[in-house]
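File shown: target-v2.txt (compact mmCIF, C-alpha atoms).
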# COMPACT_ATOMS: atom_id res chain seq x y z
CA MET A 614 -17.95 41.13 -63.95
CA ASP A 615 -14.26 41.14 -63.37
CA ARG A 616 -12.31 40.90 -66.62
CA LYS A 617 -10.04 38.12 -65.38
CA ILE A 618 -12.96 35.92 -64.35
CA VAL A 619 -14.59 36.42 -67.75
CA THR A 620 -11.38 35.44 -69.51
CA LEU A 621 -11.06 32.39 -67.28
CA ILE A 622 -14.66 31.28 -67.91
CA SER A 623 -14.29 31.81 -71.66
CA ALA A 624 -11.05 29.82 -71.73
CA PHE A 625 -12.68 26.98 -69.80
CA LEU A 626 -15.70 26.93 -72.13
CA PHE A 627 -13.49 26.92 -75.24
CA PHE A 628 -11.48 24.07 -73.72
CA LEU A 629 -14.76 22.20 -73.11
CA LEU A 630 -15.77 22.75 -76.75
CA VAL A 631 -12.50 21.22 -77.96
CA VAL A 632 -12.88 18.26 -75.59
CA ILE A 633 -16.45 17.60 -76.79
CA ALA A 634 -15.37 17.85 -80.43
CA LEU A 635 -12.49 15.39 -79.89
CA LEU A 636 -14.79 12.98 -78.05
CA ALA A 637 -17.30 13.15 -80.91
CA LEU A 638 -14.50 12.31 -83.35
CA GLN A 639 -13.44 9.29 -81.29
CA LEU A 640 -16.88 7.71 -80.92
CA SER A 641 -18.45 5.62 -83.64
CA HIS A 642 -21.82 5.15 -81.97
CA LEU A 643 -23.95 7.83 -83.63
CA PHE A 644 -26.42 8.22 -80.78
CA ALA A 645 -23.59 9.37 -78.51
CA VAL A 646 -22.23 11.63 -81.24
CA VAL A 647 -25.63 13.32 -81.69
CA MET A 648 -25.87 13.88 -77.95
CA LEU A 649 -22.36 15.36 -77.91
CA ALA A 650 -23.36 17.67 -80.76
CA GLY A 651 -26.23 18.86 -78.56
CA ALA A 652 -23.82 19.42 -75.68
CA PHE A 653 -21.51 21.32 -78.04
CA SER A 654 -24.37 23.67 -78.94
CA MET A 655 -25.27 24.11 -75.28
CA VAL A 656 -21.70 25.08 -74.35
CA SER A 657 -21.58 27.49 -77.32
CA ALA A 658 -24.81 29.04 -76.03
CA ILE A 659 -23.21 29.59 -72.62
CA LEU A 660 -20.21 31.11 -74.38
CA PHE A 661 -22.54 33.55 -76.17
CA VAL A 662 -24.06 34.52 -72.82
CA VAL A 663 -20.57 35.25 -71.49
CA MET A 664 -20.05 37.44 -74.57
CA ASP A 665 -23.30 39.30 -73.74
CA ALA A 666 -25.00 38.10 -76.95
CA VAL A 667 -28.08 36.77 -75.16
CA ASP A 668 -30.35 36.80 -78.21
CA VAL A 669 -27.90 34.63 -80.13
CA ALA A 670 -27.42 32.37 -77.11
CA PHE A 671 -31.18 31.92 -76.91
CA THR A 672 -31.38 30.84 -80.54
CA GLU A 673 -28.37 28.53 -80.25
CA ALA A 674 -29.77 26.81 -77.16
CA ALA A 675 -33.26 26.35 -78.64
CA VAL A 676 -32.31 25.43 -82.22
CA GLY A 677 -28.84 23.93 -81.87
CA ALA A 678 -29.22 22.01 -78.65
CA GLY A 679 -32.96 21.33 -78.85
CA ILE A 680 -34.50 21.00 -82.28
CA SER A 681 -31.45 19.87 -84.28
CA THR A 682 -30.75 17.10 -81.79
CA VAL A 683 -34.28 15.76 -82.21
CA LEU A 684 -34.05 16.00 -86.01
CA MET A 685 -30.64 14.29 -86.02
CA LEU A 686 -32.04 11.47 -83.88
CA ALA A 687 -35.00 11.13 -86.25
CA THR A 688 -32.61 10.97 -89.20
CA MET A 689 -30.46 8.44 -87.38
CA ALA A 690 -33.50 6.26 -86.78
CA LEU A 691 -33.98 6.16 -90.57
CA THR A 692 -30.37 5.31 -91.34
CA ALA A 693 -27.53 3.58 -89.48
CA ARG A 694 -26.65 3.50 -85.78
CA ARG A 695 -22.92 3.22 -86.21
CA GLU A 696 -20.38 5.06 -88.24
CA LYS A 697 -18.82 3.10 -91.08
CA GLN A 698 -15.22 2.26 -90.22
CA ASN A 699 -12.81 3.69 -92.72
CA SER A 700 -9.82 1.37 -92.88
CA ARG A 701 -7.42 3.41 -95.01
CA ARG A 702 -5.82 6.40 -93.39
CA ASN A 703 -5.72 9.49 -95.55
CA ILE A 704 -3.20 12.18 -94.74
CA GLY A 705 -4.53 14.59 -97.38
CA PRO A 706 -7.68 15.81 -95.56
CA LEU A 707 -5.68 16.36 -92.35
CA LEU A 708 -3.19 18.55 -94.21
CA ILE A 709 -6.00 20.58 -95.80
CA VAL A 710 -7.69 21.09 -92.42
CA LEU A 711 -4.41 22.16 -90.80
CA PHE A 712 -3.65 24.53 -93.68
CA VAL A 713 -7.12 26.17 -93.56
CA GLY A 714 -6.94 26.36 -89.77
CA ALA A 715 -3.56 28.09 -89.95
CA LEU A 716 -4.95 30.54 -92.52
CA LEU A 717 -7.92 31.34 -90.27
CA VAL A 718 -5.66 31.93 -87.26
CA TYR A 719 -3.46 34.15 -89.47
CA GLY A 720 -6.62 36.05 -90.43
CA THR A 721 -7.53 36.77 -86.82
CA LEU A 722 -4.15 38.50 -86.24
CA ASP A 723 -5.44 41.47 -88.21
CA MET A 724 -8.74 41.71 -86.35
CA PRO A 725 -9.47 44.29 -83.65
CA ASN A 726 -9.40 42.95 -80.08
CA TYR A 727 -12.57 41.40 -78.70
CA GLY A 728 -14.74 44.10 -77.15
CA SER A 729 -12.58 46.90 -78.53
CA ASN A 730 -14.59 50.10 -78.79
CA THR A 731 -12.55 51.35 -81.72
CA ALA A 732 -13.40 48.32 -83.86
CA PRO A 733 -14.90 49.34 -87.23
CA ALA A 734 -18.15 47.53 -86.37
CA GLN A 735 -18.65 49.78 -83.34
CA MET A 736 -17.81 53.04 -85.06
CA HIS A 737 -20.56 53.72 -87.59
CA LEU A 738 -23.97 52.07 -87.60
CA SER A 739 -24.01 50.47 -84.14
CA ALA A 740 -23.55 53.81 -82.42
CA GLN A 741 -26.36 55.27 -84.55
CA TYR A 742 -28.73 52.42 -83.65
CA LEU A 743 -27.95 52.71 -79.94
CA GLU A 744 -28.48 56.46 -80.06
CA ARG A 745 -31.65 56.53 -82.17
CA THR A 746 -33.61 53.54 -80.87
CA PRO A 747 -34.91 55.21 -77.66
CA HIS A 748 -36.62 58.11 -79.46
CA ASP A 749 -37.33 56.43 -82.84
CA ILE A 750 -38.91 53.31 -81.48
CA GLY A 751 -38.84 53.57 -77.73
CA ILE A 752 -38.09 49.97 -76.78
CA PRO A 753 -35.20 48.84 -74.58
CA ASN A 754 -34.09 45.83 -76.65
CA VAL A 755 -32.05 47.35 -79.49
CA VAL A 756 -31.58 43.92 -81.11
CA THR A 757 -35.33 43.61 -81.62
CA ALA A 758 -35.52 47.20 -82.87
CA ILE A 759 -32.86 46.50 -85.50
CA LEU A 760 -34.27 43.12 -86.56
CA ALA A 761 -37.93 44.05 -86.76
CA SER A 762 -37.86 47.71 -87.70
CA TYR A 763 -34.60 49.15 -89.06
CA ARG A 764 -33.87 45.90 -90.87
CA GLY A 765 -37.49 44.87 -91.41
CA PHE A 766 -36.90 43.96 -95.08
CA ASP A 767 -34.12 41.56 -94.14
CA THR A 768 -36.25 39.88 -91.52
CA LEU A 769 -39.12 39.52 -93.99
CA GLY A 770 -36.65 37.86 -96.32
CA GLU A 771 -35.43 35.57 -93.54
CA THR A 772 -38.98 34.57 -92.67
CA ALA A 773 -39.54 33.76 -96.33
CA VAL A 774 -36.35 31.67 -96.28
CA VAL A 775 -37.60 29.72 -93.24
CA PHE A 776 -40.90 29.17 -95.05
CA THR A 777 -39.04 28.01 -98.18
CA ALA A 778 -37.03 25.56 -96.07
CA GLY A 779 -40.29 24.10 -94.78
CA VAL A 780 -41.68 23.82 -98.30
CA GLY A 781 -38.46 22.14 -99.42
CA VAL A 782 -38.66 19.53 -96.68
CA ILE A 783 -42.33 18.83 -97.47
CA LEU A 784 -41.48 18.37 -101.16
CA LEU A 785 -38.53 16.08 -100.38
CA LEU A 786 -39.95 13.97 -97.58
CA GLY A 787 -43.52 14.22 -98.81
CA GLY A 788 -46.74 14.97 -96.99
CA ALA A 789 -48.86 12.90 -99.39
CA ARG A 790 -46.56 9.90 -99.41
CA ARG A 791 -46.54 10.00 -95.63
CA ARG A 792 -50.26 9.32 -95.50
CA ARG A 793 -50.07 6.51 -98.03
CA ASN A 794 -47.34 4.76 -96.04
CA LYS A 795 -49.13 5.09 -92.76
CA GLY A 796 -50.41 1.52 -92.83
CA SER A 797 -47.05 -0.07 -93.57
CA LYS A 798 -44.64 1.15 -90.96
CA GLY A 799 -40.97 0.36 -91.14
CA GLU A 800 -40.88 0.16 -94.90
CA ASN A 801 -37.58 1.99 -95.04
CA MET B 25 -49.08 0.79 -71.44
CA HIS B 26 -47.13 2.31 -68.60
CA LYS B 27 -43.84 2.45 -70.40
CA HIS B 28 -41.76 5.51 -69.48
CA LEU B 29 -44.28 6.57 -66.88
CA ILE B 30 -42.01 9.17 -65.26
CA LEU B 31 -41.14 10.71 -68.62
CA LYS B 32 -44.82 10.99 -69.49
CA VAL B 33 -45.81 12.59 -66.19
CA VAL B 34 -42.91 15.06 -66.31
CA THR B 35 -43.66 15.91 -69.94
CA LYS B 36 -47.30 16.62 -69.21
CA SER B 37 -46.41 19.07 -66.49
CA LEU B 38 -43.60 20.68 -68.50
CA VAL B 39 -45.42 21.27 -71.80
CA GLY B 40 -47.70 23.93 -70.34
CA LEU B 41 -44.78 25.80 -68.80
CA ILE B 42 -42.79 25.67 -72.03
CA LEU B 43 -45.75 27.05 -74.00
CA LEU B 44 -46.18 29.83 -71.45
CA PHE B 45 -42.49 30.66 -71.70
CA GLY B 46 -42.80 30.70 -75.49
CA LEU B 47 -45.64 33.22 -75.27
CA TYR B 48 -43.60 35.34 -72.85
CA VAL B 49 -40.61 35.39 -75.20
CA GLN B 50 -42.93 36.19 -78.11
CA PHE B 51 -44.68 39.19 -76.62
CA HIS B 52 -41.83 40.42 -74.45
CA GLY B 53 -39.21 40.43 -77.21
CA ASP B 54 -38.97 44.21 -77.23
CA TYR B 55 -38.09 44.34 -73.54
CA SER B 56 -36.00 41.22 -72.97
CA PRO B 57 -33.89 38.85 -75.06
CA GLY B 58 -35.73 36.84 -77.62
CA GLY B 59 -38.40 37.57 -80.16
CA GLY B 60 -40.47 35.87 -82.81
CA PHE B 61 -37.83 33.42 -83.97
CA GLN B 62 -36.89 32.14 -80.53
CA ALA B 63 -40.52 32.05 -79.41
CA GLY B 64 -41.49 30.03 -82.46
CA VAL B 65 -38.75 27.52 -81.76
CA ILE B 66 -39.72 27.21 -78.09
CA PHE B 67 -43.38 26.81 -79.01
CA ALA B 68 -42.54 24.09 -81.51
CA ALA B 69 -40.18 22.45 -79.00
CA ALA B 70 -43.05 22.01 -76.54
CA PHE B 71 -45.10 20.13 -79.13
CA ILE B 72 -42.10 18.15 -80.32
CA LEU B 73 -41.35 17.08 -76.75
CA TYR B 74 -44.96 15.96 -76.43
CA GLY B 75 -44.71 14.12 -79.75
CA VAL B 76 -41.44 12.39 -78.87
CA VAL B 77 -42.78 11.12 -75.54
CA MET B 78 -46.44 10.46 -76.33
CA GLY B 79 -46.22 9.46 -79.96
CA LEU B 80 -46.88 11.22 -83.23
CA GLU B 81 -50.61 10.44 -83.39
CA ARG B 82 -51.30 12.13 -80.06
CA VAL B 83 -49.58 15.38 -81.01
CA GLN B 84 -51.08 15.39 -84.51
CA SER B 85 -54.55 15.17 -83.04
CA VAL B 86 -53.81 18.60 -81.50
CA LEU B 87 -51.97 20.19 -84.42
CA SER B 88 -52.45 18.30 -87.66
CA PHE B 89 -49.94 18.27 -90.50
CA GLY B 90 -52.22 20.40 -92.64
CA PHE B 91 -52.60 22.95 -89.88
CA VAL B 92 -48.87 23.46 -89.35
CA THR B 93 -48.27 23.89 -93.08
CA LYS B 94 -50.95 26.59 -93.10
CA MET B 95 -49.33 28.18 -90.04
CA SER B 96 -46.02 28.42 -91.93
CA ALA B 97 -47.67 30.34 -94.76
CA LEU B 98 -49.84 32.48 -92.47
CA GLY B 99 -46.86 33.98 -90.65
CA VAL B 100 -45.16 35.19 -93.84
CA LEU B 101 -48.53 36.61 -94.98
CA ILE B 102 -49.00 38.53 -91.72
CA TYR B 103 -45.52 40.01 -92.10
CA ALA B 104 -45.88 40.93 -95.76
CA LEU B 105 -49.41 42.31 -95.38
CA THR B 106 -48.23 44.63 -92.60
CA GLY B 107 -46.01 46.18 -95.25
CA VAL B 108 -48.88 46.34 -97.74
CA TYR B 109 -51.03 48.08 -95.14
CA SER B 110 -48.42 50.78 -94.61
CA LEU B 111 -48.20 51.20 -98.40
CA LEU B 112 -51.98 51.67 -98.62
CA ALA B 113 -51.89 54.15 -95.75
CA GLY B 114 -49.46 56.25 -97.74
CA PHE B 115 -46.23 55.29 -95.99
CA ARG B 116 -43.21 53.34 -97.19
CA TYR B 117 -43.32 49.55 -97.25
CA LEU B 118 -42.93 48.18 -93.68
CA ASP B 119 -42.87 51.68 -92.19
CA TYR B 120 -44.74 50.93 -88.97
CA GLY B 121 -45.47 54.61 -88.42
CA ALA B 122 -48.53 53.92 -90.60
CA LEU B 123 -50.14 51.94 -87.79
CA SER B 124 -50.48 55.03 -85.65
CA PRO B 125 -49.84 58.19 -87.74
CA GLN B 126 -50.27 60.54 -84.77
CA HIS B 127 -47.67 58.72 -82.65
CA PRO B 128 -45.07 57.11 -84.93
CA GLU B 129 -43.34 55.70 -81.87
CA HIS B 130 -46.47 53.75 -80.88
CA GLY B 131 -46.83 52.62 -84.48
CA GLN B 132 -43.31 51.19 -84.36
CA HIS B 133 -44.29 49.34 -81.22
CA TYR B 134 -47.44 47.81 -82.76
CA GLY B 135 -45.58 47.04 -85.97
CA ILE B 136 -42.82 45.17 -84.17
CA LEU B 137 -45.38 43.15 -82.20
CA ILE B 138 -47.28 42.20 -85.37
CA VAL B 139 -44.30 41.24 -87.51
CA GLU B 140 -42.71 39.32 -84.62
CA LEU B 141 -45.96 37.41 -84.32
CA GLY B 142 -45.73 36.63 -88.03
CA VAL B 143 -42.14 35.40 -87.63
CA GLY B 144 -43.13 33.31 -84.61
CA ILE B 145 -46.06 31.63 -86.37
CA THR B 146 -43.97 30.80 -89.44
CA VAL B 147 -41.02 29.45 -87.45
CA ALA B 148 -43.23 27.34 -85.17
CA GLY B 149 -45.14 26.00 -88.19
CA VAL B 150 -42.07 25.19 -90.26
CA ILE B 151 -40.19 23.49 -87.43
CA MET B 152 -43.15 21.30 -86.51
CA CYS B 153 -43.70 20.58 -90.17
CA ILE B 154 -40.07 19.43 -90.55
CA TYR B 155 -40.40 17.34 -87.40
CA TYR B 156 -43.60 15.71 -88.68
CA CYS B 157 -41.96 14.95 -92.03
CA PHE B 158 -39.02 13.22 -90.34
CA ALA B 159 -40.93 11.51 -87.55
CA SER B 160 -43.67 10.10 -89.76
CA ARG B 161 -41.03 8.24 -91.79
CA THR B 162 -39.32 6.82 -88.73
CA PRO B 163 -40.27 3.23 -87.99
CA HIS B 164 -41.13 2.48 -84.38
CA LEU B 165 -38.02 1.54 -82.45
CA ASP B 166 -37.64 -0.36 -79.21
CA ASP B 167 -35.45 1.13 -76.52
CA GLN B 168 -32.68 -1.42 -77.13
CA GLU B 169 -32.38 -0.59 -80.79
CA TRP B 170 -30.94 2.85 -80.16
Take the structure from the file and write it as structure tokens.
Amino acid sequence: MDRKIVTLISAFLFFLLVVIALLALQLSHLFAVVMLAGAFSMVSAILFVVMDAVDVAFTEAAVGAGISTVLMLATMALTARREKQNSRRNIGPLLIVLFVGALLVYGTLDMPNYGSNTAPAQMHLSAQYLERTPHDIGIPNVVTAILASYRGFDTLGETAVVFTAGVGVILLLGGARRRRNKGSKGEN
Amino acid sequence: MHKHLILKVVTKSLVGLILLFGLYVQFHGDYSPGGGFQAGVIFAAAFILYGVVMGLERVQSVLSFGFVTKMSALGVLIYALTGVYSLLAGFRYLDYGALSPQHPEHGQHYGILIVELGVGITVAGVIMCIYYCFASRTPHLDDQEW
């Protein structure tokens, strides 16, 4: 793709992200906010596709836009539909956010340009992985090769973390209590 | 009860396709984007869609709460036991060469397929489990209440 077009598309998508975020701040109806959060994830996923990170985009679209939206709606059904109006205006949090934002922007000044082939991340391991995957493992998708084979221990750990998250939710929200409450719906 | 008739008809025709796509992503992860994690999420999403539209009882008659909790544990076991197998075969932990000592490259291929399957089963199980936990606490809501 032409570089200019890519830049233009990225700029438009980033603009869209900011617009969605501002809209979500304005609204107090939580259903709309949850839907906007889903849209935010979807636009981020498209942005990842533009950056050629398709595996990440896949995950973002499925988890961020799909599953989290459903879970947020389920949570919302258990709690309130509208945001509580905060009458007093605090200037403190705004200042902190602006300060941290400025720091983060200052931090990016030192970073290598996007897509730069002399960036430290591209110099050492990445090149090795790209070079070795075809004859070590023989599959075209290097991301899978790294995740499942070169970094197999990490992925085992991640799977265990996902499992632990599930166990945590069962312990908190209760499988046993769920069955007991089945007869009396709407107790909460 | 013909409430949301269009939604129900569309869901019924979509669920099969989503499951098929999930299987494709699962077993094609080494050739195209995706892998166990994404496939697990897509697989769970199909059932969650069915549950959201048809009701929790309907989807739990297909995959019960107990079953999905066992799925979550099974996936981690598959992954970890692959490593134990390579230990027993005299290789390092999670060295997939053990699966096919004559052709280490094939072994890597099998190994990746097996552990990705483990990841997929765990992720699908955990996500459905979380959904069940949330949804079973949610009181039934009319359309206006949202």
With a cut-off of 9 Å, could you pull out the residues of chain A touching chain B and give me the nearest pair of atoms for each, distance in Å to one decimal, using only C-alpha atoms, ordered by chain and ascending number, as a tab-separated table?
residue	atom	partner	partner_atom	distance
A:Phe644	CA	B:Trp170	CA	7.0
A:Val667	CA	B:Pro57	CA	6.2
A:Asp668	CA	B:Pro57	CA	5.2
A:Val669	CA	B:Gly58	CA	8.5
A:Phe671	CA	B:Gly58	CA	6.7
A:Thr672	CA	B:Gln62	CA	5.7
A:Ala675	CA	B:Val65	CA	6.4
A:Val676	CA	B:Val65	CA	6.8
A:Gly679	CA	B:Ala69	CA	7.3
A:Ile680	CA	B:Ala69	CA	6.7
A:Val683	CA	B:Tyr155	CA	8.2
A:Leu684	CA	B:Tyr155	CA	6.6
A:Ala687	CA	B:Ala159	CA	6.1
A:Thr688	CA	B:Phe158	CA	6.9
A:Ala690	CA	B:Thr162	CA	6.2
A:Leu691	CA	B:Thr162	CA	5.7
A:Arg694	CA	B:Trp170	CA	7.1
A:His748	CA	B:Glu129	CA	7.5
A:Asp749	CA	B:Glu129	CA	6.1
A:Ile750	CA	B:Glu129	CA	5.0
A:Gly751	CA	B:Glu129	CA	6.5
A:Ile752	CA	B:Asp54	CA	5.8
A:Pro753	CA	B:Tyr55	CA	5.4
A:Asn754	CA	B:Asp54	CA	5.2
A:Val755	CA	B:Asp54	CA	7.9
A:Val756	CA	B:Pro57	CA	8.2
A:Thr757	CA	B:Asp54	CA	5.7
A:Ala758	CA	B:Asp54	CA	7.3
A:Ala761	CA	B:Ile136	CA	5.6
A:Ser762	CA	B:Ile136	CA	6.6
A:Gly765	CA	B:Leu118	CA	6.8
A:Phe766	CA	B:Leu118	CA	7.5
A:Thr768	CA	B:Val143	CA	8.4
A:Leu769	CA	B:Tyr103	CA	6.7
A:Glu771	CA	B:Val143	CA	8.9
A:Thr772	CA	B:Val143	CA	6.0
A:Ala773	CA	B:Val100	CA	6.3
A:Val775	CA	B:Val147	CA	6.7
A:Phe776	CA	B:Ser96	CA	6.0
A:Thr777	CA	B:Val150	CA	8.9
A:Ala778	CA	B:Val150	CA	7.7
A:Gly779	CA	B:Val150	CA	5.0
A:Val780	CA	B:Val150	CA	8.2
A:Val782	CA	B:Ile154	CA	6.3
A:Ile783	CA	B:Cys157	CA	6.7
A:Leu786	CA	B:Cys157	CA	6.0
A:Gly787	CA	B:Cys157	CA	7.0
A:Gly788	CA	B:Cys157	CA	6.9
A:Arg791	CA	B:Ser160	CA	6.5
A:Arg792	CA	B:Ser160	CA	8.8
A:Asn794	CA	B:Arg161	CA	8.4
A:Lys795	CA	B:Ser160	CA	8.0
A:Lys798	CA	B:Pro163	CA	5.7
A:Gly799	CA	B:Pro163	CA	4.3
A:Glu800	CA	B:Pro163	CA	7.6
A:Asn801	CA	B:Pro163	CA	7.6
* Asked: Which residue gives the smallest distance to Val83 of chain B among B:Val34, B:Ile102, B:Ala70, B:Leu29, with only C-alpha atoms counted?
  -> B:Ala70
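The two atoms in question, atom CA of Tyr48 of chain B and atom CA of Gly79 of chain B, are spaced 27.0 Å apart.
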* To do: Would you work out the distance separating atom CA of Gly677 of chain A from atom CA of Met664 of chain A, expressed in Å to one decimal?
  => 17.7 Å
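Taking all atoms listed in the file into account, Phe661 of chain A lies nearest to A:Leu626 out of the set A:Ala645, A:Met689, A:Leu636, A:Leu626.
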* Asked: Given the choices A:Tyr727, A:Glu673, A:Ile618, A:Met685, which gets closest to Met648 of chain A if the distance is worked out from all atoms listed in the file?
  -> A:Met685
Just need the box for segment 29-45 of chain B, edges along x, y and z, holding every atom the file lists for it with 6 Å tacked onto each side, so centre and edge lengths in Å to one decimal, as lines of an AutoDock Vina configuration file.
center_x = -44.4
center_y = 18.6
center_z = -69.6
size_x = 18.6
size_y = 36.1
size_z = 20.7
* Quick one: pull the distance between atom CA of Phe625 of chain A and atom CA of Thr721 of chain A, Å, one decimal. => 20.3 Å
